[in-house]
file protein_35.txt (compact mmCIF, C-alpha atoms (C1' of nucleotides))
# COMPACT_ATOMS: atom_id res chain seq x y z
CA MET A 1 14.95 -16.66 -26.13
CA ARG A 2 13.13 -16.40 -22.89
CA LEU A 3 9.60 -17.44 -22.00
CA LYS A 4 7.28 -15.53 -19.71
CA GLU A 5 7.34 -16.96 -16.21
CA GLY A 6 4.18 -18.49 -14.80
CA ASN A 7 0.98 -16.67 -15.74
CA LYS A 8 1.58 -13.08 -14.79
CA GLY A 9 -1.23 -11.79 -16.99
CA ASN A 10 -3.74 -13.73 -14.91
CA ASP A 11 -2.03 -12.96 -11.61
CA ILE A 12 -2.44 -9.29 -12.42
CA LEU A 13 -6.11 -9.74 -13.26
CA LEU A 14 -6.82 -11.54 -10.00
CA ALA A 15 -4.93 -8.95 -8.01
CA ALA A 16 -6.76 -6.16 -9.80
CA ILE A 17 -10.15 -7.62 -8.89
CA LYS A 18 -9.18 -7.58 -5.23
CA VAL A 19 -7.73 -4.09 -5.29
CA PHE A 20 -10.61 -2.65 -7.33
CA ALA A 21 -13.08 -4.20 -4.91
CA GLU A 22 -11.19 -2.89 -1.90
CA SER A 23 -10.56 0.69 -3.02
CA GLY A 24 -12.80 1.20 -6.02
CA TYR A 25 -11.41 1.51 -9.51
CA HIS A 26 -10.54 5.18 -9.34
CA ASN A 27 -8.75 4.99 -6.03
CA ALA A 28 -6.94 1.79 -6.87
CA LYS A 29 -3.21 2.27 -7.37
CA ILE A 30 -1.38 0.40 -10.08
CA HIS A 31 1.59 -0.18 -7.80
CA LYS A 32 -0.72 -1.87 -5.31
CA ILE A 33 -2.03 -4.25 -7.94
CA ALA A 34 1.56 -4.98 -8.95
CA GLU A 35 2.54 -5.61 -5.35
CA LEU A 36 -0.35 -8.03 -4.78
CA ALA A 37 0.34 -9.81 -8.06
CA GLY A 38 4.00 -10.10 -7.16
CA VAL A 39 5.28 -8.22 -10.19
CA ALA A 40 6.89 -4.87 -10.81
CA THR A 41 4.83 -1.83 -11.67
CA GLY A 42 6.18 -1.77 -15.20
CA SER A 43 5.20 -5.37 -15.85
CA ILE A 44 1.55 -4.44 -15.71
CA TYR A 45 2.05 -2.44 -18.89
CA VAL A 46 3.62 -5.39 -20.63
CA TYR A 47 0.42 -7.34 -20.16
CA TYR A 48 -2.17 -4.56 -20.37
CA LYS A 49 -2.20 -1.35 -22.34
CA ASN A 50 -3.42 0.65 -19.37
CA LYS A 51 -5.52 0.61 -16.23
CA GLU A 52 -8.80 0.70 -18.10
CA THR A 53 -7.87 -2.31 -20.18
CA ILE A 54 -7.51 -4.35 -17.02
CA LEU A 55 -11.05 -3.49 -16.03
CA GLN A 56 -12.33 -4.32 -19.49
CA ARG A 57 -10.60 -7.67 -19.37
CA ILE A 58 -12.20 -8.48 -16.01
CA PHE A 59 -15.67 -7.96 -17.44
CA GLU A 60 -14.83 -9.79 -20.63
CA GLN A 61 -13.89 -12.88 -18.67
CA LEU A 62 -16.88 -12.59 -16.35
CA TRP A 63 -19.56 -12.26 -19.00
CA GLU A 64 -18.08 -14.73 -21.39
CA ARG A 65 -18.22 -17.38 -18.67
CA LEU A 66 -21.71 -16.44 -17.52
CA TYR A 67 -23.04 -16.31 -21.04
CA ASN A 68 -21.69 -19.74 -21.90
CA GLU A 69 -23.12 -21.28 -18.79
CA LEU A 70 -26.51 -19.68 -19.32
CA ALA A 71 -26.50 -20.80 -22.95
CA ALA A 72 -25.98 -24.38 -21.77
CA ILE A 73 -28.98 -24.07 -19.46
CA SER A 74 -31.11 -22.33 -22.04
CA ARG A 75 -30.72 -24.96 -24.72
CA ARG A 76 -31.68 -27.84 -22.46
CA THR A 77 -34.95 -29.56 -23.35
CA ASP A 78 -35.30 -31.69 -20.23
CA ILE A 79 -36.24 -28.77 -17.97
CA ASN A 80 -39.01 -26.19 -18.28
CA ALA A 81 -38.82 -22.40 -18.25
CA ILE A 82 -39.38 -22.17 -14.51
CA GLU A 83 -36.43 -24.43 -13.84
CA LYS A 84 -34.35 -22.47 -16.31
CA PHE A 85 -35.19 -19.32 -14.43
CA ASP A 86 -34.02 -21.00 -11.24
CA GLY A 87 -30.85 -21.95 -13.05
CA LEU A 88 -30.25 -18.36 -14.07
CA ILE A 89 -30.51 -17.16 -10.50
CA ASP A 90 -28.26 -19.95 -9.27
CA LEU A 91 -25.71 -19.14 -11.92
CA LEU A 92 -25.28 -15.61 -10.69
CA PHE A 93 -25.22 -16.61 -7.06
CA ASP A 94 -22.66 -19.33 -7.64
CA MET A 95 -20.38 -17.05 -9.60
CA PHE A 96 -20.29 -14.44 -6.92
CA ILE A 97 -20.05 -16.86 -4.02
CA LYS A 98 -16.84 -18.07 -5.57
CA ASP A 99 -15.57 -14.54 -5.85
CA PRO A 100 -17.25 -11.89 -3.71
CA ALA A 101 -14.69 -9.29 -4.76
CA LEU A 102 -15.84 -9.76 -8.33
CA ALA A 103 -19.40 -9.04 -7.25
CA VAL A 104 -18.29 -5.75 -5.74
CA VAL A 105 -16.36 -4.75 -8.85
CA PHE A 106 -19.31 -5.69 -11.02
CA VAL A 107 -21.78 -3.54 -9.13
CA ASN A 108 -19.50 -0.58 -8.63
CA GLU A 109 -17.63 -0.30 -11.88
CA GLN A 110 -19.66 -1.77 -14.72
CA ASN A 111 -21.81 1.30 -15.27
CA TYR A 112 -18.76 3.50 -15.38
CA LEU A 113 -17.03 1.38 -17.96
CA ILE A 114 -20.06 1.10 -20.21
CA GLN A 115 -20.54 4.84 -20.09
CA LYS A 116 -16.85 5.53 -20.70
CA ASP A 117 -16.49 3.32 -23.75
CA PRO A 118 -19.64 1.47 -24.81
CA LYS A 119 -18.01 -0.03 -27.91
CA GLY A 120 -15.15 -1.45 -25.88
CA PHE A 121 -17.45 -3.29 -23.48
CA THR A 122 -17.69 -7.03 -23.94
CA PRO A 123 -20.64 -8.05 -26.14
CA TYR A 124 -21.15 -11.11 -23.97
CA TYR A 125 -22.96 -8.94 -21.46
CA GLN A 126 -25.70 -8.02 -23.91
CA LYS A 127 -25.90 -11.60 -25.09
CA PHE A 128 -26.37 -12.76 -21.51
CA ILE A 129 -29.11 -10.21 -20.90
CA ASP A 130 -30.89 -11.16 -24.11
CA LEU A 131 -30.76 -14.81 -23.24
CA GLY A 132 -32.20 -14.14 -19.79
CA GLU A 133 -35.06 -12.35 -21.46
CA CYS A 134 -35.59 -15.30 -23.78
CA ILE A 135 -36.09 -17.58 -20.83
CA VAL A 136 -38.84 -15.39 -19.46
CA VAL A 137 -40.45 -15.10 -22.88
CA GLU A 138 -40.37 -18.88 -23.18
CA GLY A 139 -42.11 -19.10 -19.83
CA ILE A 140 -44.87 -16.79 -21.04
CA ASP A 141 -45.26 -18.61 -24.35
CA LYS A 142 -45.59 -21.94 -22.61
CA ASN A 143 -48.22 -20.46 -20.33
CA ALA A 144 -46.14 -20.81 -17.17
CA PHE A 145 -45.53 -17.09 -16.64
CA THR A 146 -48.11 -14.32 -16.65
CA PRO A 147 -48.37 -12.33 -19.87
CA ASP A 148 -49.40 -9.21 -17.95
CA ILE A 149 -45.87 -7.92 -17.63
CA ASP A 150 -43.43 -6.19 -19.91
CA VAL A 151 -40.58 -8.65 -20.16
CA LYS A 152 -37.85 -6.07 -20.73
CA ILE A 153 -38.90 -4.06 -17.72
CA ILE A 154 -39.23 -7.00 -15.38
CA ARG A 155 -35.95 -8.45 -16.62
CA SER A 156 -34.22 -5.21 -15.67
CA TYR A 157 -36.00 -5.08 -12.37
CA ILE A 158 -34.95 -8.58 -11.41
CA PHE A 159 -31.42 -8.01 -12.60
CA GLY A 160 -31.08 -4.80 -10.61
CA GLY A 161 -32.51 -6.43 -7.52
CA LEU A 162 -30.07 -9.32 -7.74
CA ARG A 163 -27.20 -6.95 -8.31
CA HIS A 164 -28.02 -4.93 -5.25
CA LEU A 165 -28.44 -7.97 -3.05
CA LEU A 166 -25.22 -9.57 -4.18
CA HIS A 167 -23.42 -6.34 -3.56
CA GLN A 168 -24.77 -6.04 -0.04
CA TRP A 169 -23.85 -9.59 0.66
CA ALA A 170 -20.35 -9.17 -0.73
CA GLN A 171 -19.77 -6.10 1.42
CA SER A 172 -20.69 -7.92 4.60
CA PRO A 173 -21.12 -11.66 4.01
CA GLU A 174 -21.68 -12.38 7.67
CA GLU A 175 -24.86 -10.32 7.88
CA TYR A 176 -27.00 -12.39 5.52
CA SER A 177 -26.97 -16.03 4.60
CA LEU A 178 -26.60 -16.27 0.87
CA ASP A 179 -28.85 -19.29 0.74
CA SER A 180 -31.62 -17.42 2.43
CA ILE A 181 -31.15 -14.55 -0.02
CA ARG A 182 -31.29 -16.96 -2.90
CA GLU A 183 -34.48 -18.66 -1.72
CA ASN A 184 -36.22 -15.39 -0.99
CA VAL A 185 -35.37 -14.05 -4.42
CA LYS A 186 -36.67 -17.16 -6.13
CA TYR A 187 -39.84 -17.21 -4.07
CA PHE A 188 -40.62 -13.55 -4.49
CA SER A 189 -39.78 -13.41 -8.19
CA LYS A 190 -41.67 -16.52 -9.14
CA ARG A 191 -44.77 -15.31 -7.37
CA GLY A 192 -44.44 -12.22 -9.54
CA LEU A 193 -43.86 -14.19 -12.72
CA LEU A 194 -46.02 -17.29 -12.43
CA LYS A 195 -49.52 -17.45 -13.82
CA MET B 1 -20.03 45.27 3.50
CA ARG B 2 -21.07 43.18 0.61
CA LEU B 3 -23.73 40.53 0.34
CA LYS B 4 -23.39 37.29 -1.65
CA GLU B 5 -25.08 37.62 -5.01
CA GLY B 6 -28.02 35.35 -5.81
CA ASN B 7 -27.71 31.80 -4.55
CA LYS B 8 -24.38 30.63 -5.86
CA GLY B 9 -24.21 27.72 -3.42
CA ASN B 10 -27.31 26.22 -4.96
CA ASP B 11 -26.32 27.09 -8.51
CA ILE B 12 -23.14 25.11 -7.97
CA LEU B 13 -25.06 22.14 -6.61
CA LEU B 14 -27.42 22.06 -9.57
CA ALA B 15 -24.55 22.36 -12.01
CA ALA B 16 -22.64 19.63 -10.22
CA ILE B 17 -25.57 17.20 -10.55
CA LYS B 18 -25.59 17.74 -14.29
CA VAL B 19 -21.84 17.44 -14.70
CA PHE B 20 -21.56 14.41 -12.41
CA ALA B 21 -24.36 12.71 -14.34
CA GLU B 22 -22.78 13.55 -17.67
CA SER B 23 -19.17 12.56 -16.95
CA GLY B 24 -19.29 10.59 -13.74
CA TYR B 25 -17.93 11.98 -10.50
CA HIS B 26 -14.32 11.07 -11.08
CA ASN B 27 -14.13 12.46 -14.58
CA ALA B 28 -16.09 15.58 -13.73
CA LYS B 29 -13.94 18.71 -13.82
CA ILE B 30 -14.42 21.41 -11.25
CA HIS B 31 -13.93 24.12 -13.83
CA LYS B 32 -16.80 22.66 -15.86
CA ILE B 33 -19.11 22.80 -12.86
CA ALA B 34 -18.03 26.38 -12.30
CA GLU B 35 -18.65 27.26 -15.92
CA LEU B 36 -22.14 25.73 -15.90
CA ALA B 37 -22.97 27.42 -12.62
CA GLY B 38 -21.72 30.74 -13.98
CA VAL B 39 -19.09 31.29 -11.31
CA ALA B 40 -15.31 31.24 -11.18
CA THR B 41 -13.43 28.08 -10.33
CA GLY B 42 -12.28 29.55 -7.04
CA SER B 43 -15.80 30.38 -5.96
CA ILE B 44 -16.63 26.71 -5.68
CA TYR B 45 -14.21 26.50 -2.76
CA VAL B 46 -15.89 29.38 -1.02
CA TYR B 47 -19.10 27.41 -0.87
CA TYR B 48 -17.77 23.86 -0.54
CA LYS B 49 -14.66 22.55 1.14
CA ASN B 50 -13.81 20.30 -1.79
CA LYS B 51 -15.24 18.19 -4.60
CA GLU B 52 -16.35 15.39 -2.31
CA THR B 53 -18.32 17.77 -0.13
CA ILE B 54 -20.41 18.76 -3.15
CA LEU B 55 -21.35 15.13 -3.71
CA GLN B 56 -22.17 14.68 -0.03
CA ARG B 57 -24.40 17.73 -0.13
CA ILE B 58 -26.28 16.39 -3.16
CA PHE B 59 -27.17 13.20 -1.30
CA GLU B 60 -27.97 15.05 1.87
CA GLN B 61 -30.56 17.13 0.07
CA LEU B 62 -31.95 14.14 -1.84
CA TRP B 63 -32.47 11.83 1.11
CA GLU B 64 -33.69 14.49 3.48
CA ARG B 65 -36.47 15.32 1.03
CA LEU B 66 -37.33 11.71 0.30
CA TYR B 67 -37.33 10.77 3.95
CA ASN B 68 -39.65 13.61 4.89
CA GLU B 69 -42.09 12.77 2.14
CA LEU B 70 -42.08 9.09 3.00
CA ALA B 71 -42.58 9.92 6.66
CA ALA B 72 -45.68 11.88 5.72
CA ILE B 73 -47.05 8.89 3.82
CA SER B 74 -46.07 6.43 6.53
CA ARG B 75 -47.89 8.18 9.34
CA ARG B 76 -51.18 8.47 7.48
CA THR B 77 -54.01 6.40 8.93
CA ASP B 78 -56.47 6.81 6.09
CA ILE B 79 -54.59 4.45 3.76
CA ASN B 80 -53.48 0.85 4.21
CA ALA B 81 -50.04 -0.72 3.86
CA ILE B 82 -50.59 -1.62 0.22
CA GLU B 83 -51.38 1.95 -0.66
CA LYS B 84 -48.41 3.10 1.33
CA PHE B 85 -46.24 0.77 -0.66
CA ASP B 86 -47.63 2.31 -3.85
CA GLY B 87 -46.85 5.71 -2.41
CA LEU B 88 -43.26 4.70 -1.78
CA ILE B 89 -42.79 3.62 -5.38
CA ASP B 90 -44.44 6.78 -6.66
CA LEU B 91 -42.25 8.90 -4.46
CA LEU B 92 -39.07 7.57 -6.02
CA PHE B 93 -40.43 7.77 -9.54
CA ASP B 94 -41.65 11.32 -9.08
CA MET B 95 -38.36 12.47 -7.64
CA PHE B 96 -36.35 11.15 -10.53
CA ILE B 97 -38.81 12.20 -13.23
CA LYS B 98 -38.27 15.73 -12.03
CA ASP B 99 -34.51 15.28 -12.21
CA PRO B 100 -33.17 12.40 -14.32
CA ALA B 101 -29.60 13.59 -13.86
CA LEU B 102 -30.05 13.09 -10.14
CA ALA B 103 -31.13 9.52 -10.77
CA VAL B 104 -27.93 8.87 -12.67
CA VAL B 105 -25.78 10.38 -9.97
CA PHE B 106 -27.61 8.38 -7.33
CA VAL B 107 -27.05 5.06 -9.05
CA ASN B 108 -23.49 5.68 -10.09
CA GLU B 109 -21.98 7.50 -7.15
CA GLN B 110 -23.79 6.61 -3.94
CA ASN B 111 -21.93 3.36 -3.38
CA TYR B 112 -18.62 5.06 -3.87
CA LEU B 113 -19.39 7.79 -1.40
CA ILE B 114 -20.67 5.42 1.27
CA GLN B 115 -17.59 3.27 0.92
CA LYS B 116 -15.26 6.27 0.96
CA ASP B 117 -16.65 7.87 4.10
CA PRO B 118 -19.54 6.00 5.74
CA LYS B 119 -19.73 8.41 8.69
CA GLY B 120 -20.00 11.40 6.41
CA PHE B 121 -22.98 10.00 4.50
CA THR B 122 -26.33 11.53 5.29
CA PRO B 123 -28.24 9.57 7.96
CA TYR B 124 -31.49 10.33 6.15
CA TYR B 125 -30.68 7.53 3.74
CA GLN B 126 -30.74 4.89 6.45
CA LYS B 127 -33.85 6.45 7.94
CA PHE B 128 -35.55 6.25 4.57
CA ILE B 129 -34.59 2.60 4.13
CA ASP B 130 -35.79 1.74 7.62
CA LEU B 131 -39.09 3.43 7.04
CA GLY B 132 -39.60 1.56 3.79
CA GLU B 133 -39.03 -1.65 5.67
CA CYS B 134 -41.57 -0.59 8.28
CA ILE B 135 -44.24 -0.24 5.64
CA VAL B 136 -43.67 -3.80 4.47
CA VAL B 137 -43.67 -5.06 8.05
CA GLU B 138 -46.94 -3.26 8.66
CA GLY B 139 -48.36 -5.00 5.60
CA ILE B 140 -47.37 -8.38 6.98
CA ASP B 141 -48.69 -7.62 10.45
CA LYS B 142 -52.04 -6.54 9.07
CA ASN B 143 -52.20 -9.73 7.04
CA ALA B 144 -52.02 -8.01 3.68
CA PHE B 145 -48.53 -9.21 2.77
CA THR B 146 -47.20 -12.75 2.89
CA PRO B 147 -45.11 -13.61 5.96
CA ASP B 148 -43.06 -16.09 3.93
CA ILE B 149 -40.41 -13.56 3.00
CA ASP B 150 -37.47 -12.01 4.77
CA VAL B 151 -38.37 -8.35 4.84
CA LYS B 152 -34.80 -7.06 4.80
CA ILE B 153 -33.91 -9.15 1.81
CA ILE B 154 -36.97 -8.30 -0.21
CA ARG B 155 -36.63 -4.65 0.70
CA SER B 156 -33.13 -4.66 -0.77
CA TYR B 157 -34.28 -6.58 -3.79
CA ILE B 158 -37.03 -4.13 -4.58
CA PHE B 159 -34.80 -1.17 -3.93
CA GLY B 160 -32.07 -2.50 -6.21
CA GLY B 161 -34.58 -3.27 -8.93
CA LEU B 162 -36.02 0.22 -8.80
CA ARG B 163 -32.58 1.72 -8.83
CA HIS B 164 -31.57 -0.16 -11.91
CA LEU B 165 -34.76 0.66 -13.79
CA LEU B 166 -34.59 4.33 -12.96
CA HIS B 167 -31.02 4.40 -14.09
CA GLN B 168 -31.82 2.77 -17.40
CA TRP B 169 -34.66 5.14 -17.92
CA ALA B 170 -32.55 8.16 -17.08
CA GLN B 171 -29.88 7.09 -19.53
CA SER B 172 -32.34 6.84 -22.40
CA PRO B 173 -35.76 8.21 -21.43
CA GLU B 174 -37.16 7.74 -24.94
CA GLU B 175 -36.76 3.96 -24.85
CA TYR B 176 -39.21 3.19 -22.05
CA SER B 177 -42.30 4.97 -20.85
CA LEU B 178 -41.83 5.72 -17.20
CA ASP B 179 -45.50 5.13 -16.50
CA SER B 180 -45.29 1.67 -17.94
CA ILE B 181 -42.20 0.99 -15.83
CA ARG B 182 -44.03 2.20 -12.75
CA GLU B 183 -47.08 0.05 -13.34
CA ASN B 184 -45.04 -3.05 -14.11
CA VAL B 185 -43.03 -2.60 -10.95
CA LYS B 186 -46.11 -2.20 -8.82
CA TYR B 187 -47.86 -5.15 -10.42
CA PHE B 188 -44.89 -7.50 -10.20
CA SER B 189 -43.88 -6.49 -6.69
CA LYS B 190 -47.34 -6.68 -5.23
CA ARG B 191 -47.87 -10.13 -6.64
CA GLY B 192 -44.71 -11.07 -4.80
CA LEU B 193 -45.74 -9.38 -1.59
CA LEU B 194 -49.49 -9.91 -1.32
CA LYS B 195 -50.96 -12.81 0.55
C1' DT C 1 30.33 -21.03 -22.10
C1' DG C 2 28.92 -17.07 -24.70
C1' DC C 3 25.51 -14.83 -27.51
C1' DA C 4 20.99 -13.28 -28.87
C1' DT C 5 16.57 -12.46 -27.60
C1' DT C 6 12.93 -11.53 -24.67
C1' DA C 7 11.02 -10.62 -19.97
C1' DT C 8 11.25 -7.91 -16.05
C1' DT C 9 12.22 -4.06 -13.38
C1' DG C 10 11.33 0.39 -10.83
C1' DA C 11 13.01 5.00 -10.70
C1' DA C 12 12.06 9.04 -13.36
C1' DT C 13 8.77 11.48 -16.07
C1' DC C 14 4.93 14.14 -17.05
C1' DG C 15 0.36 15.68 -17.43
C1' DC C 16 -3.55 16.61 -15.24
C1' DA C 17 -6.90 18.65 -12.36
C1' DG C 18 -8.05 19.84 -7.46
C1' DT C 19 -6.91 23.39 -4.62
C1' DT C 20 -4.92 27.84 -3.08
C1' DC C 21 -4.44 32.71 -2.54
C1' DA C 22 -3.23 37.40 -3.64
C1' DA C 23 -5.39 40.72 -6.24
C1' DA C 24 -9.61 42.92 -7.96
C1' DA C 25 -14.35 44.04 -7.74
C1' DA C 26 -18.56 44.94 -5.54
C1' DT C 27 -21.25 46.65 -1.92
C1' DA C 28 -22.66 49.07 2.46
C1' DA C 29 -21.85 52.40 5.72
C1' DA C 30 -19.79 56.78 7.05
C1' DT D 1 -16.82 60.02 -2.11
C1' DT D 2 -14.12 57.52 0.65
C1' DT D 3 -13.29 53.66 3.39
C1' DA D 4 -13.89 49.14 5.32
C1' DT D 5 -15.35 44.75 4.61
C1' DT D 6 -16.64 40.84 2.09
C1' DT D 7 -17.18 38.39 -2.24
C1' DT D 8 -15.37 36.93 -6.41
C1' DT D 9 -11.86 35.80 -9.44
C1' DG D 10 -8.65 32.75 -12.20
C1' DA D 11 -3.83 32.12 -12.87
C1' DA D 12 -0.43 29.61 -10.55
C1' DC D 13 0.77 25.93 -7.62
C1' DT D 14 1.24 21.28 -6.21
C1' DG D 15 0.87 16.60 -5.44
C1' DC D 16 -0.36 12.50 -7.06
C1' DG D 17 -0.19 8.49 -9.68
C1' DA D 18 -0.46 6.48 -14.42
C1' DT D 19 2.76 5.58 -17.73
C1' DT D 20 7.41 5.22 -19.83
C1' DC D 21 11.86 3.38 -20.88
C1' DA D 22 16.71 2.50 -20.32
C1' DA D 23 18.95 -0.79 -17.71
C1' DT D 24 19.14 -5.48 -15.99
C1' DA D 25 18.11 -10.27 -15.60
C1' DA D 26 16.76 -14.57 -17.27
C1' DT D 27 16.42 -18.02 -20.65
C1' DG D 28 17.20 -20.84 -24.93
C1' DC D 29 20.30 -22.07 -28.38
C1' DA D 30 24.69 -22.73 -30.81
call {"tool": "encode", "arguments": {"input": "protein_35.txt", "output": "C-alpha cells"}}
result
Amino acid sequence: MRLKEGNKGNDILLAAIKVFAESGYHNAKIHKIAELAGVATGSIYVYYKNKETILQRIFEQLWERLYNELAAISRRTDINAIEKFDGLIDLLFDMFIKDPALAVVFVNEQNYLIQKDPKGFTPYYQKFIDLGECIVVEGIDKNAFTPDIDVKIIRSYIFGGLRHLLHQWAQSPEEYSLDSIRENVKYFSKRGLLK
Amino acid sequence: MRLKEGNKGNDILLAAIKVFAESGYHNAKIHKIAELAGVATGSIYVYYKNKETILQRIFEQLWERLYNELAAISRRTDINAIEKFDGLIDLLFDMFIKDPALAVVFVNEQNYLIQKDPKGFTPYYQKFIDLGECIVVEGIDKNAFTPDIDVKIIRSYIFGGLRHLLHQWAQSPEEYSLDSIRENVKYFSKRGLLK
DNA sequence: TGCATTATTGAATCGCAGTTCAAAAATAAA
DNA sequence: TTTATTTTTGAACTGCGATTCAATAATGCA
C-alpha cells in the first residue's frame, strides 16, 4: 500500500486559482497549474476528472464557505437587519481580501460556468443569494428599510456593484484602498435602503 | 472588376454577437458565425484578421455609439445633473433593450478582452466612463449630490450593478420587467447620491 | 528484504477548431 | 464575348493543449 503524499488535491486547487486569475480559464494551461502545484501534468487527472471540474470545485468551496458564514450571521438575534447587511458586505470583502486571485476568478469565470452547466454549479451559490435577500426583506418587515424597492432587483444591483468593485480592486490593489471602498459601499447602499 | 456584395462585414458582426452571446466567445465556432451570416468560413477572414478582431470590433462599435450619445446628453445646458444621470441610465437600458445579445456579450467578454490586449481595446470605453464620472462630479459641485462619497468608487459600483442587472435580464427577459428594473435602479441610486 | 498495491509521472496521443489558400465564381470593362 | 480583376468559397492544413496510459517510484506489510 501507499498513501497519497501531502494534500495534492488542494495544492492543485490553489495553483489553479492563481493560474485562472492570471491567464483566464480558457487560456490557462494545465501544465502550468501542475508546475505551480509541484506535481506532474498527469497527476491533475488523478485528482480531477478534467479542467472544468477544477473550476467547479473552486466555486463549490467558495460558496459553501460564504453561505455558512452568512447563515451564522443571519440567524443571530442580537443584531438587527442593518447590522446583518453590514455583515454581509464585510463577509464578501474579507473573503476576497484574503484571496484577491479568487475574486478575479469569481468575476471572470462564474458566468461562464453557470451557462456551461447550470446543474453542475454548486447550489450553495443560490442559497447564499436567497439568504442575502432574506436579510433585506427582514429589514423591510422591521421597518428599517424602505418598502419602495423591489428586493430581488436591488439585491442583484448591489451584488453586481460589489462584484465589479472587488474585481477592480483585485486587478490593481494599489489604486484603491479596500477600506474606503467598503465604507463607500455601505454608506451609499444604506442611504438607498434605509427608510 | 467586382464589387463586394451587400454588407458582409456587418452581417458577420451581427451574427458574431448572436453566436458569442449564445455559446460564449471561447466556445463560439467560426463556421457557425459564417453560417448565420450567410457567408463561407473563409470569407470571415477577408473581413476580419481573426476571431479576436471580431470581438474588438463589436466593442468598438458599442462604445463609440454610447460615448457619442452620452456626450450629447452631457453637454446640454437645459437639464441638470440629476436629469443627466437619469439620461445615462436610460442610455444603457435603451441600448441593451434593442440588443439583448449585445448585453450578454458585454458582460461576459469585455473583461477578457481588456485583460488580453488592453492597448487594443477601444478608447471610447474609457471616455464613456470618464464622462459618466463627470456627470456625478457636476452633481456634487452644484450641490445636488452628496459630497460624502468617493465618485470613482460609486461610479464603479453603479456601473457594476447595472451590468449585472442587464445581464440577468438578457438571460431571461421574461422574469423581470425592464421598466421596473430601470425605475428601481434610478430610485435606489438617487437616494444614495442626492443630498 | 521482497512483494503487492497504489501513487506519480510525463511523453505520446488525438481531436478540435482557427486559419490558410488555391480554385471557382462573379462582375466590370474592353 | 472575352479578359482582367476582385470576391467568395470550403476543403485541407496545422498547431495547440487537454487528456491518456504504460512505465516507474514509493510505500506498507509479511
call {"tool": "atom_distance", "arguments": {"input": "protein_35.txt", "atom1": "atom CA of His26 of chain A", "atom2": "atom CA of Ala15 of chain B"}}
result
22.3 Å
call {"tool": "atom_distance", "arguments": {"input": "protein_35.txt", "atom1": "atom CA of Arg76 of chain A", "atom2": "atom CA of Lys127 of chain A"}}
result
17.4 Å
call {"tool": "closest_residue", "arguments": {"input": "protein_35.txt", "among": "A:Ile82, A:Ala40, A:Leu55, A:Ala21", "to": "chain B", "atoms": "all atoms listed in the file"}}
result
A:Ala21
call {"tool": "closest_atom_pairs", "arguments": {"input": "protein_35.txt", "of": "chain C", "to": "chain A", "cutoff": "7 Å", "atoms": "all atoms listed in the file", "output": "JSON lines"}}
result
{"residue": "C:DT5", "atom": "C1'", "partner": "A:Met1", "partner_atom": "CA", "distance": 4.7}
{"residue": "C:DT6", "atom": "C1'", "partner": "A:Arg2", "partner_atom": "CA", "distance": 5.2}
{"residue": "C:DA7", "atom": "C1'", "partner": "A:Lys4", "partner_atom": "CA", "distance": 6.2}
{"residue": "C:DT8", "atom": "C1'", "partner": "A:Ser43", "partner_atom": "CA", "distance": 6.6}
{"residue": "C:DT9", "atom": "C1'", "partner": "A:Ala40", "partner_atom": "CA", "distance": 6.0}
{"residue": "C:DG10", "atom": "C1'", "partner": "A:Ala40", "partner_atom": "CA", "distance": 6.9}
call {"tool": "atom_distance", "arguments": {"input": "protein_35.txt", "atom1": "atom CA of Val151 of chain A", "atom2": "atom CA of Ala81 of chain A"}}
result
14.0 Å
call {"tool": "closest_residue", "arguments": {"input": "protein_35.txt", "among": "B:Leu166, B:Ile181, B:Ile79, B:Ala16", "to": "Arg57 of chain B", "atoms": "only C-alpha atoms"}}
result
B:Ala16
call {"tool": "axis_aligned_box", "arguments": {"input": "protein_35.txt", "around": "segment 5-23 of chain C", "padding_each_side": "6 Å", "output": "AutoDock Vina command-line options"}}
result
--center_x 4.3 --center_y 14.1 --center_z -15.1 --size_x 36.6 --size_y 65.2 --size_z 37.1
call {"tool": "interface_residues", "arguments": {"input": "protein_35.txt", "of": "chain A", "to": "chain B", "cutoff": "6 Å", "atoms": "all atoms listed in the file", "output": "PDB file with C-alpha atoms, in the frame of the given file"}}
result
ATOM      1  CA  TYR A 157     -36.000  -5.080 -12.370  1.00  0.00           C
ATOM      2  CA  ILE A 158     -34.950  -8.580 -11.410  1.00  0.00           C
ATOM      3  CA  GLY A 160     -31.080  -4.800 -10.610  1.00  0.00           C
ATOM      4  CA  GLY A 161     -32.510  -6.430  -7.520  1.00  0.00           C
ATOM      5  CA  HIS A 164     -28.020  -4.930  -5.250  1.00  0.00           C
ATOM      6  CA  PHE A 188     -40.620 -13.550  -4.490  1.00  0.00           C
ATOM      7  CA  ARG A 191     -44.770 -15.310  -7.370  1.00  0.00           C
ATOM      8  CA  GLY A 192     -44.440 -12.220  -9.540  1.00  0.00           C
TER       9      GLY A 192
END
call {"tool": "closest_atom_pairs", "arguments": {"input": "protein_35.txt", "of": "chain D", "to": "chain A", "cutoff": "12 Å", "atoms": "all atoms listed in the file", "output": "JSON lines"}}
result
{"residue": "D:DC16", "atom": "C1'", "partner": "A:Lys29", "partner_atom": "CA", "distance": 10.6}
{"residue": "D:DG17", "atom": "C1'", "partner": "A:Lys29", "partner_atom": "CA", "distance": 7.3}
{"residue": "D:DA18", "atom": "C1'", "partner": "A:Ile30", "partner_atom": "CA", "distance": 7.5}
{"residue": "D:DT19", "atom": "C1'", "partner": "A:Asn50", "partner_atom": "CA", "distance": 8.1}
{"residue": "D:DT20", "atom": "C1'", "partner": "A:Gly42", "partner_atom": "CA", "distance": 8.5}
{"residue": "D:DC21", "atom": "C1'", "partner": "A:Gly42", "partner_atom": "CA", "distance": 9.5}
{"residue": "D:DA25", "atom": "C1'", "partner": "A:Arg2", "partner_atom": "CA", "distance": 10.7}
{"residue": "D:DA26", "atom": "C1'", "partner": "A:Arg2", "partner_atom": "CA", "distance": 6.9}
{"residue": "D:DT27", "atom": "C1'", "partner": "A:Arg2", "partner_atom": "CA", "distance": 4.3}
{"residue": "D:DG28", "atom": "C1'", "partner": "A:Met1", "partner_atom": "CA", "distance": 4.9}
{"residue": "D:DC29", "atom": "C1'", "partner": "A:Met1", "partner_atom": "CA", "distance": 7.9}
call {"tool": "closest_residue", "arguments": {"input": "protein_35.txt", "among": "A:Gly139, A:Lys186, A:Leu131, A:Leu178", "to": "Arg75 of chain A", "atoms": "only C-alpha atoms"}}
result
A:Leu131
